[in-house]
file my_file.txt (compact mmCIF, C-alpha atoms)
# COMPACT_ATOMS: atom_id res chain seq x y z
CA MET A 1 0.00 0.00 0.00
CA ASN A 2 1.43 3.37 -1.10
CA THR A 3 0.38 5.79 1.67
CA PRO A 4 0.88 9.15 -0.15
CA ARG A 5 -1.15 7.74 -3.06
CA LEU A 6 -3.87 6.63 -0.62
CA ILE A 7 -3.95 10.07 1.04
CA PHE A 8 -4.20 11.75 -2.38
CA ALA A 9 -7.01 9.39 -3.46
CA SER A 10 -8.91 9.89 -0.21
CA ALA A 11 -8.55 13.68 -0.40
CA LEU A 12 -9.82 13.84 -4.00
CA ALA A 13 -12.69 11.47 -3.13
CA ALA A 14 -13.58 13.61 -0.10
CA ILE A 15 -13.64 16.75 -2.29
CA ALA A 16 -15.93 14.93 -4.77
CA THR A 17 -18.17 13.86 -1.87
CA ILE A 18 -18.45 17.39 -0.49
CA VAL A 19 -19.27 18.78 -3.95
CA PHE A 20 -21.84 16.00 -4.43
CA VAL A 21 -23.52 16.66 -1.05
CA VAL A 22 -23.72 20.41 -1.65
CA VAL A 23 -25.03 20.09 -5.24
CA ILE A 24 -27.56 17.29 -4.59
CA THR A 25 -28.83 19.04 -1.44
CA ILE A 26 -29.47 22.39 -3.11
CA TRP A 27 -30.77 20.78 -6.30
CA ALA A 28 -33.20 18.58 -4.34
CA GLU A 29 -34.52 21.56 -2.36
CA LEU A 30 -35.27 23.36 -5.63
CA SER A 31 -36.56 20.33 -7.54
CA VAL A 32 -39.50 18.37 -6.13
CA PRO A 33 -39.07 15.41 -8.55
CA LEU A 34 -35.45 14.93 -7.47
CA LYS A 35 -36.34 15.11 -3.76
CA ASP A 36 -39.17 12.62 -4.34
CA TRP A 37 -36.79 10.29 -6.16
CA LEU A 38 -34.32 10.49 -3.26
CA LYS A 39 -37.17 9.77 -0.82
CA ASN A 40 -38.38 6.81 -2.86
CA PHE A 41 -34.90 5.32 -3.25
CA SER A 42 -34.43 4.52 0.45
CA GLY A 43 -37.48 5.86 2.24
CA HIS A 44 -35.84 9.16 3.22
CA HIS A 45 -33.95 11.77 1.18
CA TRP A 46 -31.18 12.06 3.81
CA THR A 47 -30.66 8.27 3.92
CA SER A 48 -30.27 8.26 0.13
CA LYS A 49 -27.76 11.13 0.30
CA SER A 50 -25.87 9.27 3.03
CA ILE A 51 -25.73 6.04 0.99
CA PHE A 52 -24.67 7.82 -2.20
CA SER A 53 -22.05 9.95 -0.44
CA ALA A 54 -20.53 6.88 1.30
CA LEU A 55 -20.48 4.93 -1.97
CA LEU A 56 -19.03 7.89 -3.87
CA TYR A 57 -16.26 8.38 -1.29
CA ALA A 58 -15.33 4.67 -1.22
CA GLY A 59 -15.59 4.21 -5.00
CA ALA A 60 -13.69 7.40 -5.87
CA THR A 61 -10.91 6.51 -3.42
CA VAL A 62 -10.43 3.11 -5.09
CA ILE A 63 -10.59 4.56 -8.63
CA VAL A 64 -8.23 7.51 -7.98
CA TYR A 65 -5.81 5.20 -6.15
CA GLY A 66 -5.75 2.96 -9.22
CA LEU A 67 -5.36 5.83 -11.71
CA PHE A 68 -2.74 8.08 -10.09
CA HIS A 69 0.47 6.20 -9.39
CA ASN A 70 2.63 9.12 -8.34
CA PRO A 71 0.70 12.26 -7.32
CA GLY A 72 3.90 14.14 -6.29
CA ASP A 73 4.58 16.04 -3.07
CA VAL A 74 3.34 19.46 -4.20
CA ARG A 75 0.18 18.06 -5.79
CA LEU A 76 -0.54 16.06 -2.64
CA ARG A 77 -0.21 19.13 -0.40
CA ARG A 78 -2.30 21.26 -2.77
CA THR A 79 -5.05 18.64 -2.86
CA LEU A 80 -5.16 18.52 0.95
CA VAL A 81 -5.34 22.33 1.16
CA PHE A 82 -8.10 22.25 -1.47
CA LEU A 83 -9.99 19.71 0.66
CA LEU A 84 -9.81 22.01 3.71
CA ALA A 85 -11.01 24.92 1.56
CA SER A 86 -13.83 22.76 0.11
CA THR A 87 -14.97 21.85 3.63
CA ALA A 88 -15.14 25.50 4.67
CA LEU A 89 -16.78 26.57 1.41
CA GLY A 90 -19.28 23.68 1.45
CA SER A 91 -20.30 24.52 5.02
CA ILE A 92 -20.71 28.22 4.18
CA ILE A 93 -22.69 27.50 0.99
CA LEU A 94 -25.12 25.15 2.76
CA THR A 95 -25.62 27.57 5.65
CA ALA A 96 -26.15 30.48 3.25
CA PHE A 97 -28.50 28.44 1.07
CA TYR A 98 -30.74 27.32 3.94
CA THR A 99 -30.72 30.83 5.42
CA GLY A 100 -31.77 32.31 2.08
CA HIS A 101 -34.33 29.53 1.57
CA HIS A 102 -35.88 30.20 5.01
CA PHE A 103 -36.19 33.92 4.28
CA ARG A 104 -37.60 33.05 0.82
CA LEU A 105 -34.81 34.82 -1.04
CA PHE A 106 -34.90 31.91 -3.53
CA MET B 1 -38.35 -5.08 26.22
CA ASP B 2 -35.41 -6.70 24.42
CA LEU B 3 -31.98 -5.16 23.85
CA LEU B 4 -32.76 -4.11 20.27
CA ALA B 5 -35.85 -2.23 21.44
CA VAL B 6 -33.77 -0.47 24.11
CA LEU B 7 -31.15 0.52 21.51
CA GLN B 8 -33.88 1.84 19.20
CA SER B 9 -35.50 3.99 21.89
CA LYS B 10 -35.24 7.77 21.55
CA PRO B 11 -33.14 8.64 24.65
CA VAL B 12 -30.67 5.82 23.98
CA LEU B 13 -30.26 6.79 20.31
CA ILE B 14 -29.67 10.44 21.23
CA GLY B 15 -27.22 9.33 23.92
CA LEU B 16 -25.33 7.09 21.48
CA HIS B 17 -25.31 9.83 18.80
CA LEU B 18 -23.92 12.41 21.23
CA GLY B 19 -21.66 10.00 23.12
CA PHE B 20 -19.96 8.65 20.00
CA ALA B 21 -19.59 12.19 18.64
CA ILE B 22 -17.87 13.26 21.88
CA VAL B 23 -15.49 10.29 21.62
CA GLY B 24 -14.76 11.26 17.99
CA ILE B 25 -14.13 14.92 18.88
CA ASP B 26 -11.91 13.95 21.83
CA ALA B 27 -9.95 11.48 19.69
CA PHE B 28 -9.18 14.11 17.05
CA LEU B 29 -8.30 16.72 19.69
CA TRP B 30 -5.95 14.13 21.24
CA LEU B 31 -4.50 13.45 17.79
CA LEU B 32 -3.99 17.19 17.28
CA GLY B 33 -1.94 17.29 20.50
CA GLN B 34 0.08 14.25 19.45
CA LEU B 35 0.85 15.73 16.04
CA LYS B 36 1.60 19.22 17.33
CA ASP B 37 3.99 18.07 20.07
CA ASP B 38 5.34 15.21 17.97
CA GLY B 39 4.34 12.96 20.87
CA GLY B 40 3.30 9.33 20.97
CA SER B 41 4.22 6.56 18.59
CA ARG B 42 3.02 6.12 15.01
CA LYS B 43 0.90 3.21 16.20
CA GLY B 44 -0.60 5.39 18.93
CA ARG B 45 -1.56 8.09 16.39
CA ILE B 46 -3.12 5.50 14.06
CA VAL B 47 -5.17 4.01 16.93
CA THR B 48 -6.31 7.50 18.03
CA ALA B 49 -7.43 8.43 14.50
CA ALA B 50 -9.09 5.02 13.98
CA VAL B 51 -11.04 5.41 17.24
CA GLY B 52 -12.18 8.85 16.00
CA VAL B 53 -13.30 7.50 12.61
CA ILE B 54 -15.20 4.57 14.15
CA ALA B 55 -16.83 6.88 16.71
CA PHE B 56 -18.00 9.37 14.07
CA ALA B 57 -19.32 6.53 11.87
CA ALA B 58 -21.24 5.13 14.88
CA SER B 59 -22.58 8.61 15.67
CA TRP B 60 -23.71 8.89 12.03
CA LEU B 61 -25.63 5.58 12.27
CA ALA B 62 -27.26 6.29 15.66
CA GLY B 63 -28.10 9.91 14.80
CA GLY B 64 -29.27 8.96 11.33
CA TYR B 65 -31.63 6.30 12.66
CA TYR B 66 -33.06 8.75 15.21
CA TYR B 67 -33.39 11.48 12.56
CA VAL B 68 -35.16 9.28 10.02
CA VAL B 69 -37.46 7.41 12.42
CA TYR B 70 -38.29 9.96 15.14
CA TYR B 71 -37.15 13.50 14.32
CA GLY B 72 -39.42 14.14 11.32
CA ALA B 73 -42.51 12.75 13.01
CA LEU B 74 -42.05 13.97 16.59
CA VAL B 75 -39.52 16.81 16.88
CA LYS B 76 -39.75 18.73 13.60
CA PRO B 77 -43.47 19.62 14.01
CA ILE B 78 -42.80 21.02 17.51
CA ILE B 79 -39.95 23.23 16.28
CA LYS B 80 -41.80 24.33 13.12
CA SER B 81 -44.88 25.37 15.13
CA GLY B 82 -42.83 27.04 17.89
CA ALA B 83 -41.27 30.47 18.26
CA ALA B 84 -38.16 29.56 16.27
CA PRO B 85 -39.02 27.57 13.13
CA TRP B 86 -35.75 28.82 11.63
CA VAL B 87 -33.98 26.33 13.91
CA HIS B 88 -35.24 23.47 11.76
CA ASN B 89 -35.13 25.33 8.45
CA ILE B 90 -31.58 26.60 8.85
CA VAL B 91 -29.78 24.85 11.72
CA MET B 92 -31.10 21.30 11.36
CA GLU B 93 -31.03 21.29 7.57
CA THR B 94 -27.44 22.55 7.57
CA LYS B 95 -26.34 20.18 10.38
CA GLU B 96 -27.67 17.01 8.77
CA HIS B 97 -25.80 17.74 5.54
CA ILE B 98 -22.52 19.07 6.96
CA PHE B 99 -22.38 15.86 9.00
CA LEU B 100 -21.82 14.00 5.72
CA PHE B 101 -18.44 15.78 5.34
CA VAL B 102 -17.06 14.41 8.62
CA VAL B 103 -16.26 10.76 7.88
CA PRO B 104 -14.42 11.38 4.55
CA LEU B 105 -12.37 14.11 6.30
CA ALA B 106 -11.68 11.84 9.28
CA MET B 107 -10.68 8.96 6.97
CA THR B 108 -8.24 11.24 5.11
CA THR B 109 -6.74 12.25 8.47
CA LEU B 110 -6.45 8.58 9.44
CA PHE B 111 -4.58 7.87 6.20
CA ILE B 112 -2.15 10.74 6.94
CA THR B 113 -1.33 9.13 10.32
CA LEU B 114 -0.27 5.97 8.47
CA LEU B 115 2.85 7.86 7.30
CA LYS B 116 6.09 7.28 9.14
CA LYS B 117 7.38 10.35 10.97
CA GLU B 118 10.24 10.91 8.50
CA ASP B 119 7.88 10.56 5.51
CA MET B 120 5.48 13.09 7.03
CA GLU B 121 8.36 15.56 7.44
CA ARG B 122 9.74 14.83 3.94
CA LEU B 123 6.33 15.40 2.34
CA GLY B 124 5.80 18.54 4.44
CA LEU B 125 2.50 17.24 5.82
CA ARG B 126 2.89 17.66 9.58
CA ARG B 127 1.30 21.13 9.70
CA LEU B 128 -1.48 20.02 7.35
CA ALA B 129 -2.05 16.91 9.50
CA CYS B 130 -2.51 19.23 12.51
CA CYS B 131 -4.98 21.32 10.46
CA PHE B 132 -6.96 18.21 9.51
CA ALA B 133 -7.18 16.91 13.08
CA GLY B 134 -8.25 20.39 14.24
CA VAL B 135 -10.82 20.84 11.47
CA VAL B 136 -12.43 17.44 12.14
CA ALA B 137 -12.67 18.24 15.87
CA ALA B 138 -13.96 21.78 15.17
CA LEU B 139 -16.56 20.50 12.72
CA GLY B 140 -17.70 17.96 15.33
CA LEU B 141 -17.97 20.72 17.94
CA LEU B 142 -19.89 22.97 15.53
CA ILE B 143 -22.34 20.16 14.77
CA GLY B 144 -22.66 19.50 18.52
CA ALA B 145 -23.50 23.16 19.16
CA MET B 146 -26.12 23.02 16.39
CA GLY B 147 -27.58 19.90 18.03
CA PHE B 148 -27.84 21.80 21.32
CA VAL B 149 -29.77 24.64 19.62
CA ILE B 150 -32.14 22.11 17.99
CA SER B 151 -32.76 20.32 21.31
CA ALA B 152 -33.35 23.65 23.07
CA ALA B 153 -35.84 24.74 20.40
CA ALA B 154 -37.75 21.46 20.75
CA ARG B 155 -37.72 21.65 24.57
CA TRP B 156 -38.66 25.29 25.02
CA GLY B 157 -40.61 26.00 21.84
call {"tool": "encode", "arguments": {"input": "my_file.txt", "output": "structure tokens"}}
result
Amino acid sequence: MNTPRLIFASALAAIATIVFVVVITIWAELSVPLKDWLKNFSGHHWTSKSIFSALLYAGATVIVYGLFHNPGDVRLRRTLVFLLASTALGSIILTAFYTGHHFRLF
Amino acid sequence: MDLLAVLQSKPVLIGLHLGFAIVGIDAFLWLLGQLKDDGGSRKGRIVTAAVGVIAFAASWLAGGYYYVVYYGALVKPIIKSGAAPWVHNIVMETKEHIFLFVVPLAMTTLFITLLKKEDMERLGLRRLACCFAGVVAALGLLIGAMGFVISAAARWG
């Protein structure tokens, strides 16, 4: 097991997961058919998002690990910084979205 | 009442959700200290991070079960009809989705702890490892604070 490669794969997969959660959450709030589909998939929209996000993280980690043999030191550090930034940005976007949604701004 | 019924009861689920989250937060705060002071062995750091990941995953399962089975039917209507419906619309909605960031972040932190000390220094990851442990703990604390606001809104209207 190549640990730097595993860290790189996990970081990219985590970024993809955060993007997925933010996009699917906002999209489902604005689209009734999508929210209904998520509800019908598992019985609850949040359970479906949880299942898909876990599968996406695990699957993307395996795929990226298989595709990128030598991510390089700088690329590895940049990806980790990008993951921290994505976490902050994702949290801010979701908070702002639900705040705006509550006050009927959109 | 059998054991499964006890585990599926509301107070136990909330207790497990919160208890596991506290273990996860403490584990990552402990890991932050280990990384910052360069203390403990590599094995010790891996075990600390693994305990944190398992605890957050368990908190996810217990909290998720409570949220899906009880929250929507019993708690949400109380908050929505109370003095602070924004607590559900903003705080709960944000909390339940930000929670999905935690385990991938915690797993990435766990993978960083797999590095030998000299490899972590060579790759220049020690400071970033500290940031990751701190961010996971801070995110857990933020989610915990949101949970407190939600509970307070349900209790006091």
call {"tool": "closest_atom_pairs", "arguments": {"input": "my_file.txt", "of": "chain A", "to": "chain B", "cutoff": "8 Å", "atoms": "all atoms listed in the file", "output": "tab-separated table"}}
result
residue	atom	partner	partner_atom	distance
A:Thr3	CA	B:Leu115	CA	6.5
A:Pro4	CA	B:Leu115	CA	7.8
A:Leu6	CA	B:Phe111	CA	7.0
A:Ile7	CA	B:Phe111	CA	5.6
A:Ser10	CA	B:Thr108	CA	5.5
A:Ala11	CA	B:Thr108	CA	6.0
A:Ala13	CA	B:Pro104	CA	7.9
A:Ala14	CA	B:Pro104	CA	5.2
A:Thr17	CA	B:Phe101	CA	7.5
A:Ile18	CA	B:Phe101	CA	6.0
A:Val21	CA	B:His97	CA	7.1
A:Val22	CA	B:His97	CA	7.9
A:Thr25	CA	B:His97	CA	7.7
A:His44	CA	B:Val68	CA	6.8
A:Trp46	CA	B:Glu96	CA	7.8
A:Thr47	CA	B:Gly64	CA	7.6
A:Ser50	CA	B:Leu100	CA	6.8
A:Ser53	CA	B:Leu100	CA	7.4
A:Tyr57	CA	B:Pro104	CA	6.8
A:Asp73	CA	B:Leu123	CA	5.7
A:Arg77	CA	B:Leu125	CA	7.0
A:Leu80	CA	B:Leu128	CA	7.5
A:Val81	CA	B:Leu128	CA	7.7
A:Leu84	CA	B:Phe132	CA	7.5
A:Thr87	CA	B:Phe101	CA	7.2
A:Gly90	CA	B:Ile98	CA	7.9
A:Ser91	CA	B:Ile98	CA	6.2
A:Leu94	CA	B:Thr94	CA	5.9
A:Thr95	CA	B:Thr94	CA	5.7
A:Tyr98	CA	B:Ile90	CA	5.0
A:Thr99	CA	B:Ile90	CA	5.5
A:His102	CA	B:Asn89	CA	6.0
call {"tool": "closest_residue", "arguments": {"input": "my_file.txt", "among": "A:Phe68, A:Val32, A:Lys39, A:Ile51", "to": "Asn2 (chain A)", "atoms": "only C-alpha atoms"}}
result
A:Phe68
call {"tool": "closest_residue", "arguments": {"input": "my_file.txt", "among": "A:Met1, A:Lys49, A:Ile93, A:Leu12", "to": "Thr61 (chain A)", "atoms": "all atoms listed in the file"}}
result
A:Leu12
call {"tool": "residues_around", "arguments": {"input": "my_file.txt", "residues": "Ala58 (chain B)", "least_positions_apart": "3", "cutoff": "9 Å", "atoms": "only C-alpha atoms", "output": "PDB file with C-alpha atoms, keeping the file's coordinate frame"}}
result
ATOM      1  CA  LEU B  16     -25.330   7.090  21.480  1.00  0.00           C
ATOM      2  CA  HIS B  17     -25.310   9.830  18.800  1.00  0.00           C
ATOM      3  CA  PHE B  20     -19.960   8.650  20.000  1.00  0.00           C
ATOM      4  CA  ALA B  21     -19.590  12.190  18.640  1.00  0.00           C
ATOM      5  CA  VAL B  53     -13.300   7.500  12.610  1.00  0.00           C
ATOM      6  CA  ILE B  54     -15.200   4.570  14.150  1.00  0.00           C
ATOM      7  CA  ALA B  55     -16.830   6.880  16.710  1.00  0.00           C
ATOM      8  CA  LEU B  61     -25.630   5.580  12.270  1.00  0.00           C
ATOM      9  CA  ALA B  62     -27.260   6.290  15.660  1.00  0.00           C
ATOM     10  CA  GLY B  63     -28.100   9.910  14.800  1.00  0.00           C
TER      11      GLY B  63
END
call {"tool": "atom_distance", "arguments": {"input": "my_file.txt", "atom1": "CA of Ala133 (chain B)", "atom2": "CA of Leu67 (chain A)"}}
result
27.2 Å
call {"tool": "residues_around", "arguments": {"input": "my_file.txt", "residues": "Gln34 (chain B)", "least_positions_apart": "5", "cutoff": "8 Å", "atoms": "all atoms listed in the file", "output": "PyMOL selection string"}}
result
chain B and resi 39-40+45
call {"tool": "residues_around", "arguments": {"input": "my_file.txt", "residues": "region 36-38 of chain B", "least_positions_apart": "6", "cutoff": "9 Å", "atoms": "all atoms listed in the file", "output": "ChimeraX atom specification"}}
result
/B:117,126-127,129-130
call {"tool": "atom_distance", "arguments": {"input": "my_file.txt", "atom1": "CA of Ala60 (chain A)", "atom2": "CA of Ala9 (chain A)"}}
result
7.4 Å
call {"tool": "residues_around", "arguments": {"input": "my_file.txt", "residues": "Trp156 (chain B)", "least_positions_apart": "6", "cutoff": "12 Å", "atoms": "only C-alpha atoms", "output": "list in words"}}
result
Val75, Ile78, Ile79, Ser81, Gly82, Ala83, Ala84, Phe148, Val149 and Ile150 of chain B
call {"tool": "residues_around", "arguments": {"input": "my_file.txt", "residues": "Gly19 (chain B)", "least_positions_apart": "6", "cutoff": "10 Å", "atoms": "all atoms listed in the file", "output": "PyMOL selection string"}}
result
chain B and resi 12-13+25+55-56+58-59
call {"tool": "atom_distance", "arguments": {"input": "my_file.txt", "atom1": "CA of Glu29 (chain A)", "atom2": "CA of Leu141 (chain B)"}}
result
26.2 Å
call {"tool": "build_atoms", "arguments": {"input": "my_file.txt", "residues": "region 51-64 of chain A", "atoms": "N, CA and C atoms", "output": "short mmCIF file (atom, residue, chain, number, x, y, z; two decimals), in the frame of the given file"}}
result
data_model
loop_
_atom_site.label_atom_id
_atom_site.label_comp_id
_atom_site.auth_asym_id
_atom_site.auth_seq_id
_atom_site.Cartn_x
_atom_site.Cartn_y
_atom_site.Cartn_z
N ILE A 51 -26.18 7.24 1.72
CA ILE A 51 -25.73 6.04 0.99
C ILE A 51 -24.88 6.44 -0.21
N PHE A 52 -25.39 7.41 -0.99
CA PHE A 52 -24.67 7.82 -2.20
C PHE A 52 -23.33 8.47 -1.86
N SER A 53 -23.31 9.28 -0.79
CA SER A 53 -22.05 9.95 -0.44
C SER A 53 -21.02 8.92 0.05
N ALA A 54 -21.46 7.91 0.82
CA ALA A 54 -20.53 6.88 1.30
C ALA A 54 -20.00 6.06 0.12
N LEU A 55 -20.90 5.70 -0.80
CA LEU A 55 -20.48 4.93 -1.97
C LEU A 55 -19.55 5.75 -2.86
N LEU A 56 -19.87 7.03 -3.04
CA LEU A 56 -19.03 7.89 -3.87
C LEU A 56 -17.63 8.01 -3.27
N TYR A 57 -17.57 8.24 -1.94
CA TYR A 57 -16.26 8.38 -1.29
C TYR A 57 -15.43 7.09 -1.45
N ALA A 58 -16.05 5.95 -1.15
CA ALA A 58 -15.33 4.67 -1.22
C ALA A 58 -14.92 4.37 -2.66
N GLY A 59 -15.86 4.52 -3.59
CA GLY A 59 -15.59 4.21 -5.00
C GLY A 59 -14.53 5.12 -5.59
N ALA A 60 -14.65 6.43 -5.31
CA ALA A 60 -13.69 7.40 -5.87
C ALA A 60 -12.30 7.17 -5.29
N THR A 61 -12.22 6.79 -4.02
CA THR A 61 -10.91 6.51 -3.42
C THR A 61 -10.23 5.35 -4.17
N VAL A 62 -10.98 4.29 -4.39
CA VAL A 62 -10.43 3.11 -5.09
C VAL A 62 -10.01 3.48 -6.52
N ILE A 63 -10.87 4.22 -7.23
CA ILE A 63 -10.59 4.56 -8.63
C ILE A 63 -9.38 5.49 -8.74
N VAL A 64 -9.36 6.55 -7.92
CA VAL A 64 -8.23 7.51 -7.98
C VAL A 64 -6.94 6.81 -7.57
#
